[in-house]
$ cat run18.pdb   # PDB, C-alpha atoms, pLDDT in the B column
ATOM      1  CA  MET A   1       2.731  17.392  16.112  1.00 92.00           C
ATOM      2  CA  ASN A   2       1.694  16.977  12.467  1.00 95.00           C
ATOM      3  CA  GLN A   3       2.049  20.645  11.562  1.00 94.00           C
ATOM      4  CA  PRO A   4       5.487  20.147   9.882  1.00 93.00           C
ATOM      5  CA  LEU A   5       3.667  17.965   7.332  1.00 95.00           C
ATOM      6  CA  PHE A   6       1.106  20.683   6.516  1.00 94.00           C
ATOM      7  CA  PHE A   7       3.074  23.932   6.748  1.00 92.00           C
ATOM      8  CA  PRO A   8       4.104  25.965   4.863  1.00 90.00           C
ATOM      9  CA  THR A   9       1.004  25.991   2.651  1.00 84.00           C
ATOM     10  CA  ARG A  10       3.025  28.085   0.184  1.00 84.00           C
ATOM     11  CA  PRO A  11       6.743  27.402  -0.462  1.00 84.00           C
ATOM     12  CA  ILE A  12       9.091  29.495   1.713  1.00 86.00           C
ATOM     13  CA  GLY A  13      12.617  29.395   0.337  1.00 84.00           C
ATOM     14  CA  ASP A  14      13.597  25.735   0.169  1.00 85.00           C
ATOM     15  CA  ARG A  15      10.811  24.694   2.563  1.00 88.00           C
ATOM     16  CA  ARG A  16       7.758  22.905   1.161  1.00 91.00           C
ATOM     17  CA  ASN A  17       5.021  20.898   2.770  1.00 94.00           C
ATOM     18  CA  LEU A  18       4.671  17.208   1.981  1.00 96.00           C
ATOM     19  CA  THR A  19       1.900  17.475  -0.629  1.00 95.00           C
ATOM     20  CA  GLN A  20       3.700  20.243  -2.531  1.00 93.00           C
ATOM     21  CA  LEU A  21       6.885  18.163  -2.476  1.00 95.00           C
ATOM     22  CA  LEU A  22       5.077  15.125  -3.882  1.00 96.00           C
ATOM     23  CA  LEU A  23       3.523  17.210  -6.683  1.00 93.00           C
ATOM     24  CA  ASP A  24       6.911  18.731  -7.536  1.00 92.00           C
ATOM     25  CA  ILE A  25       8.476  15.267  -7.659  1.00 93.00           C
ATOM     26  CA  LEU A  26       5.749  13.961  -9.954  1.00 93.00           C
ATOM     27  CA  GLU A  27       6.042  16.994 -12.219  1.00 90.00           C
ATOM     28  CA  ASP A  28       9.831  17.033 -12.516  1.00 90.00           C
ATOM     29  CA  PRO A  29      11.543  13.821 -11.325  1.00 90.00           C
ATOM     30  CA  LEU A  30      15.300  13.398 -11.454  1.00 89.00           C
ATOM     31  CA  PRO A  31      16.798  11.363 -14.330  1.00 88.00           C
ATOM     32  CA  GLY A  32      16.808   7.686 -13.436  1.00 87.00           C
ATOM     33  CA  ARG A  33      14.487   8.190 -10.445  1.00 88.00           C
ATOM     34  CA  GLN A  34      11.043   8.031 -12.020  1.00 87.00           C
ATOM     35  CA  VAL A  35       8.094   8.352  -9.646  1.00 93.00           C
ATOM     36  CA  PHE A  36       4.492   7.417 -10.420  1.00 94.00           C
ATOM     37  CA  ALA A  37       1.209   8.430  -8.841  1.00 95.00           C
ATOM     38  CA  TYR A  38      -1.461   5.758  -8.530  1.00 95.00           C
ATOM     39  CA  GLU A  39      -5.223   5.912  -8.329  1.00 93.00           C
ATOM     40  CA  PRO A  40      -6.638   5.377  -4.810  1.00 90.00           C
ATOM     41  CA  LEU A  41      -8.457   2.128  -5.608  1.00 79.00           C
ATOM     42  CA  LEU A  42      -9.523   0.145  -2.551  1.00 66.00           C
ATOM     43  CA  GLY A  43      -7.008  -2.643  -1.997  1.00 64.00           C
ATOM     44  CA  TYR A  44      -5.164  -1.921  -5.265  1.00 67.00           C
ATOM     45  CA  GLU A  45      -3.324   1.288  -4.436  1.00 77.00           C
ATOM     46  CA  PHE A  46      -0.307   0.740  -6.675  1.00 90.00           C
ATOM     47  CA  GLU A  47      -1.740  -0.742  -9.860  1.00 88.00           C
ATOM     48  CA  LYS A  48      -3.314   2.029 -11.977  1.00 91.00           C
ATOM     49  CA  PRO A  49      -1.115   5.100 -12.646  1.00 92.00           C
ATOM     50  CA  MET A  50      -2.543   8.635 -12.600  1.00 92.00           C
ATOM     51  CA  SER A  51      -1.559  11.681 -14.638  1.00 90.00           C
ATOM     52  CA  LEU A  52      -0.839  15.116 -13.201  1.00 87.00           C
ATOM     53  CA  GLU A  53      -3.908  16.465 -15.001  1.00 85.00           C
ATOM     54  CA  GLU A  54      -6.105  13.975 -13.128  1.00 89.00           C
ATOM     55  CA  ILE A  55      -4.531  14.974  -9.808  1.00 90.00           C
ATOM     56  CA  TYR A  56      -4.895  18.708 -10.463  1.00 86.00           C
ATOM     57  CA  GLY A  57      -8.521  18.100 -11.433  1.00 83.00           C
ATOM     58  CA  GLN A  58      -9.224  17.043  -7.831  1.00 84.00           C
ATOM     59  CA  LEU A  59      -7.488  20.072  -6.322  1.00 83.00           C
ATOM     60  CA  LYS A  60      -8.673  23.650  -6.104  1.00 70.00           C
ATOM     61  CA  VAL A  61      -6.561  25.414  -8.708  1.00 65.00           C
ATOM     62  CA  ASP A  62      -6.480  29.204  -9.068  1.00 60.00           C
ATOM     63  CA  SER A  63      -5.669  30.123 -12.672  1.00 54.00           C
ATOM     64  CA  ILE A  64      -4.101  33.526 -13.197  1.00 54.00           C
ATOM     65  CA  PRO A  65      -4.697  34.951 -16.708  1.00 58.00           C
ATOM     66  CA  GLU A  66      -2.242  37.550 -17.995  1.00 62.00           C
ATOM     67  CA  PRO A  67      -1.932  39.430 -21.302  1.00 70.00           C
ATOM     68  CA  VAL A  68       0.595  37.797 -23.625  1.00 69.00           C
ATOM     69  CA  PHE A  69       1.795  39.162 -26.973  1.00 71.00           C
ATOM     70  CA  ASP A  70       1.297  36.628 -29.788  1.00 72.00           C
ATOM     71  CA  SER A  71       4.133  37.117 -32.319  1.00 71.00           C
ATOM     72  CA  LEU A  72       2.290  35.137 -34.993  1.00 72.00           C
ATOM     73  CA  THR A  73      -0.854  37.284 -35.068  1.00 77.00           C
ATOM     74  CA  GLY A  74       0.638  40.502 -33.720  1.00 76.00           C
ATOM     75  CA  GLN A  75      -2.125  40.724 -31.121  1.00 77.00           C
ATOM     76  CA  THR A  76      -2.239  40.630 -27.358  1.00 76.00           C
ATOM     77  CA  VAL A  77      -4.265  37.748 -25.974  1.00 67.00           C
ATOM     78  CA  MET A  78      -5.152  36.559 -22.481  1.00 61.00           C
ATOM     79  CA  LYS A  79      -3.500  33.263 -21.563  1.00 57.00           C
ATOM     80  CA  ILE A  80      -3.077  31.236 -18.407  1.00 51.00           C
ATOM     81  CA  VAL A  81       0.592  31.674 -17.573  1.00 49.00           C
ATOM     82  CA  ASP A  82       0.526  30.902 -13.862  1.00 51.00           C
ATOM     83  CA  VAL A  83      -1.406  28.254 -11.955  1.00 55.00           C
ATOM     84  CA  GLN A  84      -1.601  28.475  -8.177  1.00 62.00           C
ATOM     85  CA  ILE A  85      -2.494  25.202  -6.462  1.00 71.00           C
ATOM     86  CA  ASN A  86      -4.463  25.586  -3.252  1.00 76.00           C
ATOM     87  CA  LEU A  87      -3.304  22.948  -0.772  1.00 87.00           C
ATOM     88  CA  ASP A  88      -5.071  24.393   2.280  1.00 89.00           C
ATOM     89  CA  ASP A  89      -7.729  21.662   2.052  1.00 90.00           C
ATOM     90  CA  VAL A  90      -5.202  18.791   2.072  1.00 93.00           C
ATOM     91  CA  THR A  91      -5.246  18.198   5.815  1.00 94.00           C
ATOM     92  CA  ARG A  92      -5.005  14.416   6.162  1.00 95.00           C
ATOM     93  CA  LEU A  93      -2.601  11.723   5.089  1.00 96.00           C
ATOM     94  CA  LEU A  94      -3.048   7.977   4.742  1.00 95.00           C
ATOM     95  CA  VAL A  95       0.064   5.953   5.558  1.00 96.00           C
ATOM     96  CA  LYS A  96       0.116   2.304   4.529  1.00 95.00           C
ATOM     97  CA  GLU A  97       2.517   0.221   6.613  1.00 95.00           C
ATOM     98  CA  LYS A  98       3.613  -3.367   7.034  1.00 95.00           C
ATOM     99  CA  TRP A  99       4.344  -4.574  10.570  1.00 93.00           C
ATOM    100  CA  PHE A 100       6.429  -7.706  11.077  1.00 91.00           C
ATOM    101  CA  PHE A 101       8.571  -9.472  13.645  1.00 88.00           C
ATOM    102  CA  ASP A 102      12.238  -9.798  12.688  1.00 87.00           C
ATOM    103  CA  LYS A 103      13.317 -13.156  14.131  1.00 84.00           C
ATOM    104  CA  ARG A 104      16.985 -12.487  13.380  1.00 86.00           C
ATOM    105  CA  TYR A 105      17.119  -9.440  15.663  1.00 83.00           C
ATOM    106  CA  SER A 106      14.071 -10.294  17.796  1.00 81.00           C
ATOM    107  CA  THR A 107      12.490  -6.920  17.161  1.00 83.00           C
ATOM    108  CA  PHE A 108       9.100  -5.740  15.977  1.00 87.00           C
ATOM    109  CA  GLN A 109       9.631  -3.697  12.806  1.00 91.00           C
ATOM    110  CA  VAL A 110       7.534  -1.509  10.527  1.00 93.00           C
ATOM    111  CA  ARG A 111       8.034  -0.622   6.875  1.00 95.00           C
ATOM    112  CA  ILE A 112       6.141   2.227   5.194  1.00 96.00           C
ATOM    113  CA  ILE A 113       4.659   1.145   1.863  1.00 95.00           C
ATOM    114  CA  GLY A 114       2.826   4.194   0.567  1.00 95.00           C
ATOM    115  CA  LEU A 115       1.434   7.677   1.232  1.00 96.00           C
ATOM    116  CA  CYS A 116      -1.867   9.193   0.135  1.00 95.00           C
ATOM    117  CA  PRO A 117      -2.821  12.879   0.719  1.00 95.00           C
ATOM    118  CA  ILE A 118      -6.520  13.513   1.426  1.00 95.00           C
ATOM    119  CA  ARG A 119      -8.394  16.690   0.568  1.00 92.00           C
ATOM    120  CA  ILE A 120     -11.189  17.611   3.003  1.00 92.00           C
ATOM    121  CA  TYR A 121     -13.583  20.364   1.935  1.00 88.00           C
ATOM    122  CA  PRO A 122     -17.231  21.451   2.332  1.00 86.00           C
ATOM    123  CA  ARG A 123     -19.591  19.734  -0.088  1.00 84.00           C
ATOM    124  CA  THR A 124     -21.488  22.118  -2.353  1.00 81.00           C
ATOM    125  CA  ILE A 125     -24.289  21.993  -4.928  1.00 83.00           C
ATOM    126  CA  LYS A 126     -25.103  24.276  -7.816  1.00 79.00           C
ATOM    127  CA  ASP A 127     -27.922  26.756  -7.216  1.00 78.00           C
ATOM    128  CA  PRO A 128     -30.248  26.427 -10.246  1.00 80.00           C
ATOM    129  CA  VAL A 129     -31.114  30.134 -10.111  1.00 82.00           C
ATOM    130  CA  THR A 130     -27.767  31.857  -9.426  1.00 82.00           C
ATOM    131  CA  ASN A 131     -25.543  29.006 -10.696  1.00 78.00           C
ATOM    132  CA  GLU A 132     -23.350  29.494  -7.620  1.00 80.00           C
ATOM    133  CA  ASP A 133     -21.908  26.837  -5.327  1.00 77.00           C
ATOM    134  CA  VAL A 134     -24.007  26.546  -2.165  1.00 81.00           C
ATOM    135  CA  PRO A 135     -22.649  24.658   0.898  1.00 81.00           C
ATOM    136  CA  THR A 136     -24.727  21.648   1.941  1.00 83.00           C
ATOM    137  CA  GLY A 137     -23.281  21.363   5.449  1.00 83.00           C
ATOM    138  CA  ASP A 138     -21.607  18.036   4.657  1.00 88.00           C
ATOM    139  CA  ILE A 139     -17.891  17.354   4.349  1.00 89.00           C
ATOM    140  CA  SER A 140     -16.271  15.630   1.355  1.00 88.00           C
ATOM    141  CA  LYS A 141     -13.101  13.575   1.662  1.00 90.00           C
ATOM    142  CA  THR A 142     -11.151  12.839  -1.518  1.00 91.00           C
ATOM    143  CA  GLN A 143      -8.084  10.634  -1.662  1.00 92.00           C
ATOM    144  CA  LEU A 144      -5.898  12.408  -4.229  1.00 93.00           C
ATOM    145  CA  PHE A 145      -3.294   9.812  -5.180  1.00 95.00           C
ATOM    146  CA  TRP A 146      -0.984   7.148  -3.803  1.00 95.00           C
ATOM    147  CA  VAL A 147       2.796   7.149  -4.072  1.00 96.00           C
ATOM    148  CA  TYR A 148       4.998   4.111  -3.458  1.00 96.00           C
ATOM    149  CA  TYR A 149       7.263   5.005  -0.544  1.00 96.00           C
ATOM    150  CA  PRO A 150      10.448   3.251  -1.768  1.00 96.00           C
ATOM    151  CA  GLU A 151      10.188   5.270  -5.008  1.00 95.00           C
ATOM    152  CA  ILE A 152      10.041   8.635  -3.232  1.00 96.00           C
ATOM    153  CA  ARG A 153      12.287   7.885  -0.248  1.00 96.00           C
ATOM    154  CA  TYR A 154      15.334   9.390  -1.958  1.00 96.00           C
ATOM    155  CA  TYR A 155      13.492  12.694  -2.445  1.00 96.00           C
ATOM    156  CA  LEU A 156      12.104  12.687   1.103  1.00 97.00           C
ATOM    157  CA  SER A 157      15.596  12.175   2.513  1.00 96.00           C
ATOM    158  CA  LYS A 158      16.832  15.278   0.649  1.00 94.00           C
ATOM    159  CA  GLN A 159      14.004  17.630   1.691  1.00 95.00           C
ATOM    160  CA  GLU A 160      14.411  19.271   5.096  1.00 92.00           C
ATOM    161  CA  VAL A 161      11.392  19.739   7.312  1.00 92.00           C
ATOM    162  CA  PHE A 162      10.933  22.144  10.208  1.00 90.00           C
ATOM    163  CA  ASN A 163      11.940  20.706  13.574  1.00 88.00           C
ATOM    164  CA  PRO A 164       9.728  22.259  16.299  1.00 86.00           C
ATOM    165  CA  ASN A 165      12.088  21.041  19.033  1.00 85.00           C
ATOM    166  CA  ASN A 166      15.276  22.496  17.589  1.00 87.00           C
ATOM    167  CA  ASP A 167      15.165  25.043  14.775  1.00 83.00           C
ATOM    168  CA  ALA A 168      18.941  24.788  14.295  1.00 84.00           C
ATOM    169  CA  GLN A 169      18.834  21.058  13.620  1.00 87.00           C
ATOM    170  CA  ARG A 170      16.530  20.253  10.731  1.00 85.00           C
ATOM    171  CA  ILE A 171      15.427  16.727   9.884  1.00 93.00           C
ATOM    172  CA  SER A 172      14.219  15.233   6.610  1.00 96.00           C
ATOM    173  CA  PHE A 173      10.766  13.941   5.755  1.00 97.00           C
ATOM    174  CA  ASP A 174      12.246  10.447   5.698  1.00 97.00           C
ATOM    175  CA  ASP A 175      13.522  10.934   9.256  1.00 96.00           C
ATOM    176  CA  LEU A 176      10.115  12.220  10.316  1.00 96.00           C
ATOM    177  CA  PHE A 177       8.330   9.103   9.064  1.00 96.00           C
ATOM    178  CA  ASN A 178      10.869   6.478  10.098  1.00 94.00           C
ATOM    179  CA  GLN A 179      11.379   8.019  13.535  1.00 93.00           C
ATOM    180  CA  ARG A 180       7.597   8.180  13.781  1.00 93.00           C
ATOM    181  CA  ARG A 181       7.454  11.860  14.662  1.00 94.00           C
ATOM    182  CA  PHE A 182       3.783  12.096  13.805  1.00 95.00           C
ATOM    183  CA  SER A 183       0.457  11.525  15.515  1.00 94.00           C
ATOM    184  CA  SER A 184      -2.012   9.083  13.952  1.00 94.00           C
ATOM    185  CA  TYR A 185      -4.732   6.540  14.502  1.00 93.00           C
ATOM    186  CA  ILE A 186      -5.333   3.202  12.810  1.00 94.00           C
ATOM    187  CA  PHE A 187      -7.849   3.383   9.983  1.00 90.00           C
ATOM    188  CA  LYS A 188      -7.725  -0.189   8.719  1.00 92.00           C
ATOM    189  CA  ILE A 189      -5.912  -3.480   9.277  1.00 92.00           C
ATOM    190  CA  SER A 190      -5.741  -6.398   6.849  1.00 90.00           C
ATOM    191  CA  ASN A 191      -8.511  -8.850   7.703  1.00 89.00           C
ATOM    192  CA  VAL A 192     -10.659 -11.653   6.351  1.00 91.00           C
ATOM    193  CA  TYR A 193     -13.699  -9.356   5.889  1.00 89.00           C
ATOM    194  CA  ASP A 194     -12.610  -8.100   2.446  1.00 83.00           C
ATOM    195  CA  ASP A 195     -10.101  -5.819   4.216  1.00 85.00           C
ATOM    196  CA  ARG A 196     -12.907  -3.644   5.557  1.00 89.00           C
ATOM    197  CA  SER A 197     -11.933  -0.464   7.395  1.00 91.00           C
ATOM    198  CA  VAL A 198     -12.693   0.295  11.036  1.00 94.00           C
ATOM    199  CA  THR A 199     -15.352   2.835  10.028  1.00 90.00           C
ATOM    200  CA  ASP A 200     -17.295   0.093   8.222  1.00 92.00           C
ATOM    201  CA  TYR A 201     -18.345  -1.438  11.535  1.00 93.00           C
ATOM    202  CA  ALA A 202     -17.737   1.318  14.107  1.00 94.00           C
ATOM    203  CA  THR A 203     -18.400   5.057  14.151  1.00 91.00           C
ATOM    204  CA  GLY A 204     -17.528   8.032  16.325  1.00 91.00           C
ATOM    205  CA  MET A 205     -15.800   7.215  19.588  1.00 94.00           C
ATOM    206  CA  ASP A 206     -16.319   3.480  18.998  1.00 96.00           C
ATOM    207  CA  ALA A 207     -14.047   3.742  15.939  1.00 94.00           C
ATOM    208  CA  MET A 208     -11.366   5.489  18.002  1.00 94.00           C
ATOM    209  CA  PHE A 209     -11.637   2.838  20.722  1.00 95.00           C
ATOM    210  CA  GLU A 210     -11.290   0.133  18.067  1.00 95.00           C
ATOM    211  CA  ALA A 211      -8.159   1.835  16.722  1.00 95.00           C
ATOM    212  CA  GLU A 212      -6.685   1.899  20.213  1.00 95.00           C
ATOM    213  CA  SER A 213      -7.621  -1.756  20.633  1.00 95.00           C
ATOM    214  CA  ILE A 214      -5.638  -2.649  17.501  1.00 94.00           C
ATOM    215  CA  LYS A 215      -2.654  -0.671  18.812  1.00 92.00           C
ATOM    216  CA  ASN A 216      -2.881  -2.586  22.080  1.00 94.00           C
ATOM    217  CA  TRP A 217      -3.061  -5.882  20.150  1.00 92.00           C
ATOM    218  CA  LEU A 218       0.190  -5.014  18.344  1.00 90.00           C
ATOM    219  CA  PHE A 219       1.827  -4.173  21.663  1.00 89.00           C
ATOM    220  CA  GLU A 220       0.703  -7.433  23.258  1.00 90.00           C
ATOM    221  CA  PHE A 221       1.803  -9.428  20.212  1.00 86.00           C
ATOM    222  CA  GLU A 222       5.359  -8.140  20.606  1.00 84.00           C
ATOM    223  CA  HIS A 223       5.266  -8.525  24.385  1.00 84.00           C
ATOM    224  CA  ASP A 224       4.099 -12.153  24.238  1.00 85.00           C
ATOM    225  CA  LEU A 225       7.031 -13.129  22.030  1.00 79.00           C
ATOM    226  CA  TRP A 226       9.351 -12.729  24.997  1.00 75.00           C
ATOM    227  CA  GLU A 227       9.722 -14.870  28.109  1.00 66.00           C
ATOM    228  CA  TYR A 228      10.600 -13.408  31.486  1.00 59.00           C
TER     229      TYR A 228
END
$ encode --input "run18.pdb" --output "structure tokens"
Amino acid sequence: MNQPLFFPTRPIGDRRNLTQLLLDILEDPLPGRQVFAYEPLLGYEFEKPMSLEEIYGQLKVDSIPEPVFDSLTGQTVMKIVDVQINLDDVTRLLVKEKWFFDKRYSTFQVRIIGLCPIRIYPRTIKDPVTNEDVPTGDISKTQLFWVYYPEIRYYLSKQEVFNPNNDAQRISFDDLFNQRRFSSYIFKISNVYDDRSVTDYATGMDAMFEAESIKNWLFEFEHDLWEY
């Protein structure tokens, strides 16, 4: 269900995956529609801006050197003229939402606040003899950056995404999120315990059961607002 967010890993025509779209927006925003990336600080996701260089430093980047003629020296030198960003490791996405009950329309509503791509890759260490990266068997998870959803909503509404149910009728990324055409589980809910996440007090299947319990609590909250 979440494959339209991940594929294509390389741009195909006008199709891009979500992370590539966000990077393109940050690199070349439209006039009057500035977008900022923010550091993934716990509880302060939209306070400290990040530069593109900091974001690229957390991604696996393949630099392609090519010979370039230098007109000043009259010599041919090797320069980096093309940089290929590897997004195959960006396989998770944090979505920050605000749930509220609209008393005017008597409906339970949700507003998306921000998005954060996560890179998941094998953890490695340097071999002191060969100086090569050796896998440790552990997995590293790096939150790349946060974007404020209202700032990027215009761009998401203009970018079509593949519709697995009907290839002739494309939808936008904004439609995908607001129509909730994605599969997810709850990672954290605002709470009195310093906004701790579910994984701080539950692991494995217990964490998944806790996430389902929070979903059920939201359902019951809406249900109990009505009288039959």
$ resolve_selection --input "run18.pdb" --expression "the PyMOL selection byres ((chain A and resi 187) around 10)" --output "JSON list (two decimals) with C-alpha atoms, in the frame of the given file"
[["chain", "number", "residue", "atom", "x", "y", "z"],
["A", 94, "LEU", "CA", -3.05, 7.98, 4.74],
["A", 95, "VAL", "CA", 0.06, 5.95, 5.56],
["A", 96, "LYS", "CA", 0.12, 2.30, 4.53],
["A", 184, "SER", "CA", -2.01, 9.08, 13.95],
["A", 185, "TYR", "CA", -4.73, 6.54, 14.50],
["A", 186, "ILE", "CA", -5.33, 3.20, 12.81],
["A", 188, "LYS", "CA", -7.72, -0.19, 8.72],
["A", 189, "ILE", "CA", -5.91, -3.48, 9.28],
["A", 196, "ARG", "CA", -12.91, -3.64, 5.56],
["A", 197, "SER", "CA", -11.93, -0.46, 7.40],
["A", 198, "VAL", "CA", -12.69, 0.30, 11.04],
["A", 199, "THR", "CA", -15.35, 2.84, 10.03],
["A", 207, "ALA", "CA", -14.05, 3.74, 15.94],
["A", 208, "MET", "CA", -11.37, 5.49, 18.00],
["A", 210, "GLU", "CA", -11.29, 0.13, 18.07],
["A", 211, "ALA", "CA", -8.16, 1.84, 16.72],
["A", 214, "ILE", "CA", -5.64, -2.65, 17.50]]
$ atom_distance --input "run18.pdb" --atom1 "CA of Phe182 (chain A)" --atom2 "CA of Asn163 (chain A)"
11.9 Å
$ resolve_selection --input "run18.pdb" --expression "the PyMOL selection byres ((chain A and resi 166-172) around 12)" --output "list in words"
Pro4, Leu5, Arg15, Arg16, Asn17, Leu18, Arg153, Tyr154, Tyr155, Leu156, Ser157, Lys158, Gln159, Glu160, Val161, Phe162, Asn163, Pro164, Asn165, Phe173, Asp174, Asp175, Leu176, Phe177, Asn178, Gln179 and Arg181 of chain A
$ residues_around --input "run18.pdb" --residues "His223 (chain A)" --least-positions-apart "5" --cutoff "10 Å" --atoms "all atoms listed in the file" --output "list in words"
Phe108, Trp217 and Leu218 of chain A
$ atom_distance --input "run18.pdb" --atom1 "CA of Val90 (chain A)" --atom2 "CA of Ile118 (chain A)"
5.5 Å
$ closest_atom_pairs --input "run18.pdb" --of "region 90-206 of chain A" --to "region 20-38 of chain A" --cutoff "7 Å" --atoms "all atoms listed in the file" --output "JSON lines"
{"residue": "A:Phe145", "atom": "CA", "partner": "A:Tyr38", "partner_atom": "CA", "distance": 5.6}
{"residue": "A:Trp146", "atom": "CA", "partner": "A:Tyr38", "partner_atom": "CA", "distance": 5.0}
{"residue": "A:Val147", "atom": "CA", "partner": "A:Ala37", "partner_atom": "CA", "distance": 5.2}
{"residue": "A:Glu151", "atom": "CA", "partner": "A:Val35", "partner_atom": "CA", "distance": 5.9}
{"residue": "A:Ile152", "atom": "CA", "partner": "A:Val35", "partner_atom": "CA", "distance": 6.7}
$ atom_distance --input "run18.pdb" --atom1 "CA of Glu47 (chain A)" --atom2 "CA of Gly114 (chain A)"
12.4 Å
$ resolve_selection --input "run18.pdb" --expression "the PyMOL selection byres ((chain A and resi 121) around 8)" --output "ChimeraX atom specification"
/A:89,119-120,122-123,139-141
$ closest_residue --input "run18.pdb" --among "A:Lys126, A:Gly137, A:Leu115, A:Asp224" --to "Glu45 (chain A)" --atoms "all atoms listed in the file"
A:Leu115
$ closest_residue --input "run18.pdb" --among "A:Lys103, A:Arg92, A:Ser213, A:Arg111" --to "Thr142 (chain A)" --atoms "all atoms listed in the file"
A:Arg92
$ closest_residue --input "run18.pdb" --among "A:Gln109, A:Leu87, A:Pro49, A:Lys60" --to "Pro8 (chain A)" --atoms "all atoms listed in the file"
A:Leu87
$ closest_residue --input "run18.pdb" --among "A:Met1, A:Ile12, A:Val110, A:Leu144" --to "Glu53 (chain A)" --atoms "all atoms listed in the file"
A:Leu144
$ closest_residue --input "run18.pdb" --among "A:Gly13, A:Gly74, A:Pro135, A:Pro117" --to "Pro40 (chain A)" --atoms "all atoms listed in the file"
A:Pro117
$ decode --input "run18.pdb" --residues "region 198-217 of chain A" --atoms "C-alpha atoms" --output "PDB file, in the first residue's frame"
ATOM      1  CA  VAL A 198       5.753   3.845  22.541  1.00  0.00           C
ATOM      2  CA  THR A 199       9.116   2.105  22.099  1.00  0.00           C
ATOM      3  CA  ASP A 200      10.380   3.717  25.317  1.00  0.00           C
ATOM      4  CA  TYR A 201       8.162   1.450  27.405  1.00  0.00           C
ATOM      5  CA  ALA A 202       7.207  -1.400  25.049  1.00  0.00           C
ATOM      6  CA  THR A 203       9.139  -3.468  22.516  1.00  0.00           C
ATOM      7  CA  GLY A 204       8.380  -5.992  19.797  1.00  0.00           C
ATOM      8  CA  MET A 205       4.790  -7.163  19.616  1.00  0.00           C
ATOM      9  CA  ASP A 206       3.951  -5.284  22.831  1.00  0.00           C
ATOM     10  CA  ALA A 207       4.723  -2.015  21.011  1.00  0.00           C
ATOM     11  CA  MET A 208       2.420  -2.996  18.142  1.00  0.00           C
ATOM     12  CA  PHE A 209      -0.344  -3.928  20.590  1.00  0.00           C
ATOM     13  CA  GLU A 210       0.102  -0.564  22.314  1.00  0.00           C
ATOM     14  CA  ALA A 211      -0.205   1.213  18.959  1.00  0.00           C
ATOM     15  CA  GLU A 212      -3.428  -0.655  18.257  1.00  0.00           C
ATOM     16  CA  SER A 213      -4.656   0.235  21.737  1.00  0.00           C
ATOM     17  CA  ILE A 214      -4.139   3.940  20.999  1.00  0.00           C
ATOM     18  CA  LYS A 215      -6.026   3.560  17.708  1.00  0.00           C
ATOM     19  CA  ASN A 216      -8.879   1.911  19.590  1.00  0.00           C
ATOM     20  CA  TRP A 217      -8.842   4.746  22.154  1.00  0.00           C
TER      21      TRP A 217
END
